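Asks: Sharing a structure below in structure tokens format, with a few things to ask.
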Amino acid sequence: MAGADVALPAARRVMRVAPWALGGLCAVLVVAGFSLGVELSNLHNGLIAAAFTAVGVFVVAKRPGNREGWLFIATGLAHAVMFFGRQYGLSAGHGNDALPGAEWVTWVGVWPLALVLVLSGVTLMCFPDGRLPSPRWRLVVAAMVAAGALLALASALWPVEYADDALSVPHPLHVGGYETAQRLWNLIGPSSYSLFQLAWVAAVVVRMRRAEGDEARQLRWFAYAVAMGAAAMAVGLIALRSPVPGVLAVPVIPLAAGIAIAKYRLYDIDPVINKTLVVGTMAAIITAGYVVMVVGVGRLIGVEAGPSPVLSLVATAIVAIAFEPARRRVQRVADRLVYGDRPSPYEALARLSTQLSRGGRHAELFAGLASTVADGVGAAEVTLWVGADEQLVAVASWPPPADQRSQLVTGHTQLAALQDGERAHVRRIVHQGSMRGAVTLTKAPGEVLTNSEDRLLHDLVAQAGLVIDNAELGVELQHRLHEISVQAAELQAAAKRIVGAQYEARRRIERDLHDGAQQRLVTLALSLQSVSERAAATGADDDLAAKLAEARHQLSQALAELREMARGIHPAILTQEGLEAAVGFLAERAPLPVRVDVRLQRRLPQDVEATAYFVVSEALTNAAKHSGASSIAVAGRLRDGWLRIEVTDDGRGGADGRLGSGLQGLVDRLATLEGQLTVDSPAGGGTRLRAEIPCG
Amino acid sequence: MLRVSPDVATAILWDHQRVTRTVVIVDDHAEFRAQAIELLQVAGYEVVGSCHDGRSALDAISALRPDLVLLDVQLPDIDGFGVMAQVDTLADGGPAVVLISTREAADYGGRVGRSGATGFITKAELSAHSLARAIARR
């Protein structure tokens, strides 16, 4: 049993049996009391006894930790004792002599009234959890108990209440001072009882204002029952001049209270209140309308009193016509009163579209979607799932889950099982013919999915499909962009590798040339020289000498050409001395005068130097061959981590956008180094070629 | 042995340089080395050492203390300039070093001048005459 200490099993058994035993005792008393006859003045006690005890037992059985249940049983039992006592007394008063000890039994049923009222008041004040609204109320309870004790004492000593209760059985005690006591009682008694009532009403009101969530719902049930009871009493007194309807309505209060305690998780009173308001108002309007028509108009047009078929017909017709519009108006007012401001379907969609247009991350969009569905449809819980068929992943929930990391995954078949028809609803999100996800929602207890809400849900689900599609497209787009950037980086790396490989290939060719052909030819040259000398020494004929000389000359030329070719492939000076010296070397050997102004503070990476060198070489060649220039200037600077080389000639310019194949190849090489080439060649204004290469 | 040189100037110089006789040749190309040795011997030098890379060149120079070193720039391990860096210059009592290469001096920019070599001869131009001129320049 929840709340009990880890006590002996015996104690636990006692606790489990006790309510039923007490209930049984109460039942005995009530049944016995009723068997003595029905007394209108005592009826309410019997009903209260039965109702409170029954509900109390029920609550204790269902919610063992709830103290209120025990208070209910106590109140019920106290009323049962009072009821029986009074029934006894009333029956004896009517002449039933078969009841022994009527005086004492009656006495027992009368004097505890004040205290029982206090107990009842406290029970109601402690609703629904069995505790007072705040510690301050203990003072109030103490005052009530004190007053109650005083009144009970008075009632025990003197028959001050006997007259009110129509009891003719004499009081068992005969204590003096009865008249004074009676007078004081008439002064204090009824007003005290009224104050008791006021106290528990005040407590309930205080609690209602402070309550939220489940407790608020429980109190609404309770207040509703009280109001119904009061209405029944009022209607009974006014229409039927009898308190019976009010009295009969009294058990409704503990009944409602009991339901509220035991079932507060499942039922929401709001729809009940809503329907009651609408039905009651409509009934009142119809009745009033009818009365006005038949009686009022009838009197106006001078028809005699009494039912007139014509007027009745007219009234009925008017009511029939005016019913639906009036009902709708009344419903709207009731909705506003009961539910507050829930967005209309249009507002829900407008809100959603604002959220979508605001964009944001997919997680936010999904969360917004879930909350919009919850608001628009009036659901207590909404979950948005993404996926298809066998695997669905929960991407958003409303209310937002406390644990951010828990992510639910479910299968399609399990999803179908979720729909139990009453409060849980499942809608599959289908977009462009394929299933994208699902929406599951749970309505608040007692509410159903109305047609308009169903329609709104349908529209929202359609939007959800679009959002999911968008989200997936967005993700796909990001993947593609990432792939593209990866590919671009790979291409760049490949280009660099190719250029690097080219550079290496050229170096190898130059080296092979050097180590191979050039060496052999050089050796040959020496050898020929030696032969020449020996021929001269041995006095060979001139023809031989001339031939040898010619051979040596040819060889010398060949070697010079090879040297030049080697420089064109890979200039040794570039590697040995750097760009500055290499450009100077180029300039010395150029067919045109070249002014060199290259000042670099340091050596640069070899691919940068090589590319810059070949740009200058190519530019000088082009200028010499095509531009008709008379002089060329080469300038080079290293600044801010950028190498800037400029080759300017004073030729005719007009070089069109298309570069020669040589320069085009260099543009590609520059691109791999993240450099660039610009050609500025106004017609008749010379040509300026600029290369910029970053070099860290 | 008497040798008749075609160039009178060279003969005069040869007389003046009677002491400059021992030479170490350093070149990684065997055939060229053989030709060069023949040329040197014809020119009247005594070839005391023949090396094919920089390390052995340094060993030979320090061991044999030649008067002249004919040093190829392009060597398999350290190049000719690297060897130069570890050899005393002529002023400090080291040998006269003449650099030889398939390429021309200009292809090396200012390195030849900075190296402390006595002279530079392109291999294709190597002869007793050019050698004498190179030495004489100092």
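For the structure tokens, the naming scheme is as follows: chains receive sequential letters (A, B, ...) according to their order of presentation, residues are indexed from 1 within each chain, and ligands are indexed from 1 in presentation order.
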What residues in chain A lie within 6 Å of chain B, counting only C-alpha atoms, written as a list in words?
Replies: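 Result: Val522, Thr523, Ala572 and Ile573 of chain A.
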Asks: Could those selected residues go to a file with all heavy atoms, as a tab-separated table (two decimals), in the first residue's frame?
Replies:
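Below is the file result_9.tsv, written as the result:
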```tsv
chain	number	residue	atom	x	y	z
A	522	VAL	N	80.68	15.84	-74.96
A	522	VAL	CA	81.82	16.58	-74.44
A	522	VAL	C	83.08	15.71	-74.48
A	522	VAL	O	84.17	16.15	-74.84
A	522	VAL	CB	81.47	17.07	-73.01
A	522	VAL	CG1	82.70	17.18	-72.15
A	522	VAL	CG2	80.77	18.39	-73.06
A	523	THR	N	82.92	14.51	-74.06
A	523	THR	CA	84.06	13.57	-74.11
A	523	THR	C	84.55	13.42	-75.55
A	523	THR	O	85.76	13.38	-75.81
A	523	THR	CB	83.62	12.20	-73.55
A	523	THR	OG1	82.96	12.40	-72.30
A	523	THR	CG2	84.81	11.29	-73.39
A	572	ALA	N	69.18	25.76	-65.12
A	572	ALA	CA	69.94	25.45	-63.91
A	572	ALA	C	70.04	26.66	-63.01
A	572	ALA	O	70.00	26.53	-61.78
A	572	ALA	CB	71.34	24.96	-64.29
A	573	ILE	N	70.11	27.83	-63.60
A	573	ILE	CA	70.31	29.01	-62.78
A	573	ILE	C	69.13	29.29	-61.88
A	573	ILE	O	69.28	29.83	-60.78
A	573	ILE	CB	70.60	30.25	-63.67
A	573	ILE	CG1	71.01	31.42	-62.76
A	573	ILE	CG2	69.40	30.61	-64.52
A	573	ILE	CD1	71.66	32.56	-63.46
```
Asks: Run DSSP on the backbone and grab whatever in stretch 59-114 of chain A lands in helix (DSSP H, G or I); send it over as a ChimeraX atom specification.
Replies: /A:59-62,67-93,102-110,113-114
Asks: Enumerate, as a list in words, the complete set of residues in chain B that a backbone-based DSSP assignment places in strand (DSSP E or B).
Replies: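 Strand (DSSP E or B) members of chain B, listed: Thr22, Val23, Val24, Ile25, Val26, Glu46, Val47, Val48, Gly49, Ser50, Cys51, Leu68, Val69, Leu70, Leu71, Asp72, Ala96, Val97, Val98, Leu99, Ile100, Ser101, Gly119, Phe120, Ile121 and Thr122 of chain B.
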Asks: Can you tell me, as a ChimeraX atom specification, what residues are no more than 12 Å from B:Leu40 when counting only C-alpha atoms, ignoring any on the same chain fewer than 2 positions away?
Replies: /A:526,530 /B:21-25,33-38,42-50,68-70,126-132
Asks: Take the residues from that selection and put them in a file with N, CA, C and O atoms, as a CSV table (one decimal), in the first residue's frame.
Replies:
```
chain,number,residue,atom,x,y,z
A,526,LEU,N,86.6,16.3,-76.5
A,526,LEU,CA,88.0,16.2,-76.1
A,526,LEU,C,88.8,15.2,-76.9
A,526,LEU,O,90.0,15.4,-77.3
A,530,SER,N,92.1,15.8,-79.1
A,530,SER,CA,93.4,15.1,-79.0
A,530,SER,C,93.8,14.5,-80.3
A,530,SER,O,95.0,14.6,-80.7
B,21,ARG,N,102.5,21.3,-60.7
B,21,ARG,CA,102.6,20.1,-61.5
B,21,ARG,C,101.6,19.0,-61.1
B,21,ARG,O,101.0,18.4,-61.9
B,22,THR,N,101.4,18.9,-59.8
B,22,THR,CA,100.5,17.8,-59.4
B,22,THR,C,99.1,18.2,-59.5
B,22,THR,O,98.7,19.3,-59.2
B,23,VAL,N,98.2,17.3,-60.0
B,23,VAL,CA,96.8,17.6,-60.2
B,23,VAL,C,95.9,16.4,-59.8
B,23,VAL,O,96.3,15.2,-60.0
B,24,VAL,N,94.9,16.7,-59.2
B,24,VAL,CA,93.8,15.7,-58.9
B,24,VAL,C,92.6,16.1,-59.8
B,24,VAL,O,92.2,17.2,-59.8
B,25,ILE,N,92.1,15.1,-60.5
B,25,ILE,CA,90.9,15.3,-61.3
B,25,ILE,C,89.7,14.6,-60.7
B,25,ILE,O,89.8,13.5,-60.2
B,33,ARG,N,86.8,11.5,-67.7
B,33,ARG,CA,87.9,11.5,-66.9
B,33,ARG,C,89.2,11.0,-67.6
B,33,ARG,O,90.3,11.6,-67.5
B,34,ALA,N,89.0,9.9,-68.3
B,34,ALA,CA,90.1,9.3,-69.0
B,34,ALA,C,90.7,10.3,-70.1
B,34,ALA,O,91.9,10.4,-70.1
B,35,GLN,N,89.8,10.9,-70.8
B,35,GLN,CA,90.2,11.9,-71.8
B,35,GLN,C,90.9,13.0,-71.2
B,35,GLN,O,92.0,13.5,-71.6
B,36,ALA,N,90.3,13.5,-70.0
B,36,ALA,CA,90.9,14.6,-69.4
B,36,ALA,C,92.3,14.3,-68.8
B,36,ALA,O,93.3,15.1,-68.9
B,37,ILE,N,92.5,13.1,-68.3
B,37,ILE,CA,93.8,12.7,-67.8
B,37,ILE,C,94.8,12.7,-68.9
B,37,ILE,O,96.0,13.2,-68.8
B,38,GLU,N,94.4,12.2,-70.0
B,38,GLU,CA,95.3,12.2,-71.2
B,38,GLU,C,95.8,13.6,-71.6
B,38,GLU,O,96.9,13.9,-71.8
B,42,VAL,N,99.5,15.2,-71.4
B,42,VAL,CA,100.1,15.8,-72.6
B,42,VAL,C,100.5,17.2,-72.3
B,42,VAL,O,101.5,17.7,-72.8
B,43,ALA,N,99.7,17.9,-71.5
B,43,ALA,CA,100.0,19.3,-71.1
B,43,ALA,C,101.1,19.4,-70.1
B,43,ALA,O,101.6,20.4,-69.7
B,44,GLY,N,101.6,18.2,-69.6
B,44,GLY,CA,102.8,18.3,-68.7
B,44,GLY,C,102.4,18.2,-67.2
B,44,GLY,O,103.3,18.3,-66.4
B,45,TYR,N,101.2,17.9,-66.9
B,45,TYR,CA,100.9,17.7,-65.5
B,45,TYR,C,101.1,16.3,-65.0
B,45,TYR,O,101.0,15.3,-65.8
B,46,GLU,N,101.3,16.2,-63.7
B,46,GLU,CA,101.4,14.9,-63.2
B,46,GLU,C,100.1,14.6,-62.4
B,46,GLU,O,99.7,15.3,-61.5
B,47,VAL,N,99.3,13.6,-63.0
B,47,VAL,CA,98.0,13.3,-62.4
B,47,VAL,C,98.2,12.4,-61.2
B,47,VAL,O,98.5,11.2,-61.4
B,48,VAL,N,98.1,12.9,-60.0
B,48,VAL,CA,98.3,12.1,-58.8
B,48,VAL,C,97.0,11.5,-58.2
B,48,VAL,O,97.0,10.6,-57.4
B,49,GLY,N,95.9,12.0,-58.7
B,49,GLY,CA,94.6,11.5,-58.1
B,49,GLY,C,93.5,11.6,-59.1
B,49,GLY,O,93.4,12.5,-59.9
B,50,SER,N,92.6,10.6,-59.1
B,50,SER,CA,91.4,10.6,-60.0
B,50,SER,C,90.2,10.1,-59.2
B,50,SER,O,90.1,9.0,-58.8
B,68,LEU,N,97.0,21.5,-58.1
B,68,LEU,CA,95.8,21.9,-58.9
B,68,LEU,C,94.7,20.8,-58.8
B,68,LEU,O,95.0,19.6,-58.7
B,69,VAL,N,93.5,21.3,-58.7
B,69,VAL,CA,92.4,20.3,-58.7
B,69,VAL,C,91.4,20.7,-59.9
B,69,VAL,O,91.0,21.9,-60.0
B,70,LEU,N,91.1,19.7,-60.7
B,70,LEU,CA,90.1,19.9,-61.7
B,70,LEU,C,88.8,19.3,-61.2
B,70,LEU,O,88.7,18.1,-61.1
B,126,LEU,N,87.6,22.5,-72.8
B,126,LEU,CA,88.8,22.1,-72.0
B,126,LEU,C,90.0,21.8,-72.9
B,126,LEU,O,89.9,21.0,-73.8
B,127,SER,N,91.1,22.5,-72.6
B,127,SER,CA,92.3,22.2,-73.3
B,127,SER,C,93.5,22.7,-72.5
B,127,SER,O,93.2,23.4,-71.5
B,128,ALA,N,94.7,22.4,-72.9
B,128,ALA,CA,95.8,22.9,-72.1
B,128,ALA,C,95.8,24.4,-72.1
B,128,ALA,O,96.2,25.1,-71.1
B,129,HIS,N,95.5,25.0,-73.2
B,129,HIS,CA,95.4,26.4,-73.3
B,129,HIS,C,94.4,27.1,-72.4
B,129,HIS,O,94.8,28.0,-71.6
B,130,SER,N,93.2,26.6,-72.4
B,130,SER,CA,92.2,27.2,-71.6
B,130,SER,C,92.5,27.0,-70.1
B,130,SER,O,92.2,27.8,-69.3
B,131,LEU,N,93.1,25.9,-69.8
B,131,LEU,CA,93.5,25.6,-68.5
B,131,LEU,C,94.6,26.5,-68.0
B,131,LEU,O,94.4,27.1,-66.9
B,132,ALA,N,95.6,26.7,-68.8
B,132,ALA,CA,96.6,27.7,-68.4
B,132,ALA,C,96.0,29.1,-68.2
B,132,ALA,O,96.4,29.8,-67.3
```
Asks: Rounded to one decimal place, report the atom CA of A:Gly23-atom CA of A:Met125 distance in Å.
Replies: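 So the answer is 22.4 Å.
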Asks: What's the 7 Å shell around A:Ile253, counting only C-alpha atoms, without same-chain residues fewer than 5 positions away, as a CSV table (one decimal) with N, CA and C atoms, in the first residue's frame?
Replies:
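Just written: result-v3.csv:
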```
chain,number,residue,atom,x,y,z
A,222,PHE,N,-15.8,19.3,-8.8
A,222,PHE,CA,-16.5,19.5,-7.5
A,222,PHE,C,-17.4,20.7,-7.6
A,225,ALA,N,-20.5,20.1,-9.4
A,225,ALA,CA,-21.5,19.3,-8.7
A,225,ALA,C,-22.2,20.2,-7.7
A,226,VAL,N,-21.4,21.0,-7.0
A,226,VAL,CA,-22.0,21.9,-6.0
A,226,VAL,C,-23.0,22.9,-6.7
```
Asks: Enter the distance from atom CA of A:Trp137 to atom CA of A:Ala203, in Å, rounded to one decimal.
Replies: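 Going from atom CA of A:Trp137 over to atom CA of A:Ala203 covers 8.2 Å.
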Asks: Counting only C-alpha atoms, which residue out of B:Val73, B:Cys51, B:Val26, B:Ala134 sits closest to B:Ala96?
Replies: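 Looking only at the distances to B:Ala96, the closest residue turns out to be B:Ala134.
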Asks: I'd like the neighbourhood of stretch 83-87 of chain B as a PyMOL selection string, where a residue qualifies if any of its atoms comes within 8 Å (using only C-alpha atoms), though same-chain residues fewer than 6 positions away should be ignored.
Replies: chain B and resi 54+57-58+94+115-117
Asks: With all heavy atoms retained, export the selected residues as a short mmCIF file (atom, residue, chain, number, x, y, z; two decimals), in the first residue's frame.
Replies:
```cif
data_model
loop_
_atom_site.label_atom_id
_atom_site.label_comp_id
_atom_site.auth_asym_id
_atom_site.auth_seq_id
_atom_site.Cartn_x
_atom_site.Cartn_y
_atom_site.Cartn_z
N GLY B 54 82.56 13.70 -54.62
CA GLY B 54 83.05 14.75 -53.74
C GLY B 54 83.81 14.23 -52.54
O GLY B 54 84.83 14.78 -52.13
N ALA B 57 87.11 13.09 -53.34
CA ALA B 57 87.89 14.25 -53.74
C ALA B 57 88.49 14.94 -52.52
O ALA B 57 89.67 15.27 -52.49
CB ALA B 57 87.00 15.23 -54.51
N LEU B 58 87.64 15.12 -51.50
CA LEU B 58 88.15 15.75 -50.28
C LEU B 58 89.27 14.92 -49.66
O LEU B 58 90.28 15.48 -49.21
CB LEU B 58 86.99 15.92 -49.30
CG LEU B 58 85.97 17.02 -49.67
CD1 LEU B 58 84.73 16.91 -48.83
CD2 LEU B 58 86.59 18.39 -49.52
N GLY B 94 95.79 26.36 -49.99
CA GLY B 94 95.15 25.23 -50.63
C GLY B 94 95.54 25.18 -52.10
O GLY B 94 96.31 26.00 -52.59
N SER B 115 82.57 31.13 -55.02
CA SER B 115 83.06 29.85 -54.51
C SER B 115 84.54 29.90 -54.11
O SER B 115 84.99 29.07 -53.35
CB SER B 115 82.88 28.77 -55.57
OG SER B 115 83.71 29.08 -56.68
N GLY B 116 85.28 30.82 -54.62
CA GLY B 116 86.70 30.85 -54.32
C GLY B 116 87.53 30.04 -55.29
O GLY B 116 88.73 29.77 -55.08
N ALA B 117 86.89 29.61 -56.38
CA ALA B 117 87.65 28.85 -57.37
C ALA B 117 88.56 29.78 -58.16
O ALA B 117 88.25 30.96 -58.36
CB ALA B 117 86.68 28.14 -58.32
#
```
Asks: Which residues come within 6 Å of A:His79, counting only C-alpha atoms, excluding same-chain residues fewer than 3 positions away, as a compact mmCIF listing (two decimals) with N, CA and C atoms, in the first residue's frame?
Replies:
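Here's the written file selection_35.txt:
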```txt
# COMPACT_ATOMS: atom_id res chain seq x y z
N ASN A 45 -29.40 13.35 5.92
CA ASN A 45 -28.33 12.70 6.69
C ASN A 45 -28.06 11.30 6.16
N ALA A 49 -24.68 10.15 4.50
CA ALA A 49 -23.93 9.04 5.10
C ALA A 49 -23.57 8.01 4.04
N GLY A 76 -18.92 10.17 6.51
CA GLY A 76 -20.05 9.30 6.21
C GLY A 76 -20.50 8.54 7.44
N MET A 82 -25.52 9.67 13.20
CA MET A 82 -26.54 10.71 13.45
C MET A 82 -27.85 10.31 12.82
N PHE A 83 -27.76 9.83 11.59
CA PHE A 83 -28.97 9.44 10.87
C PHE A 83 -29.74 8.38 11.65
```
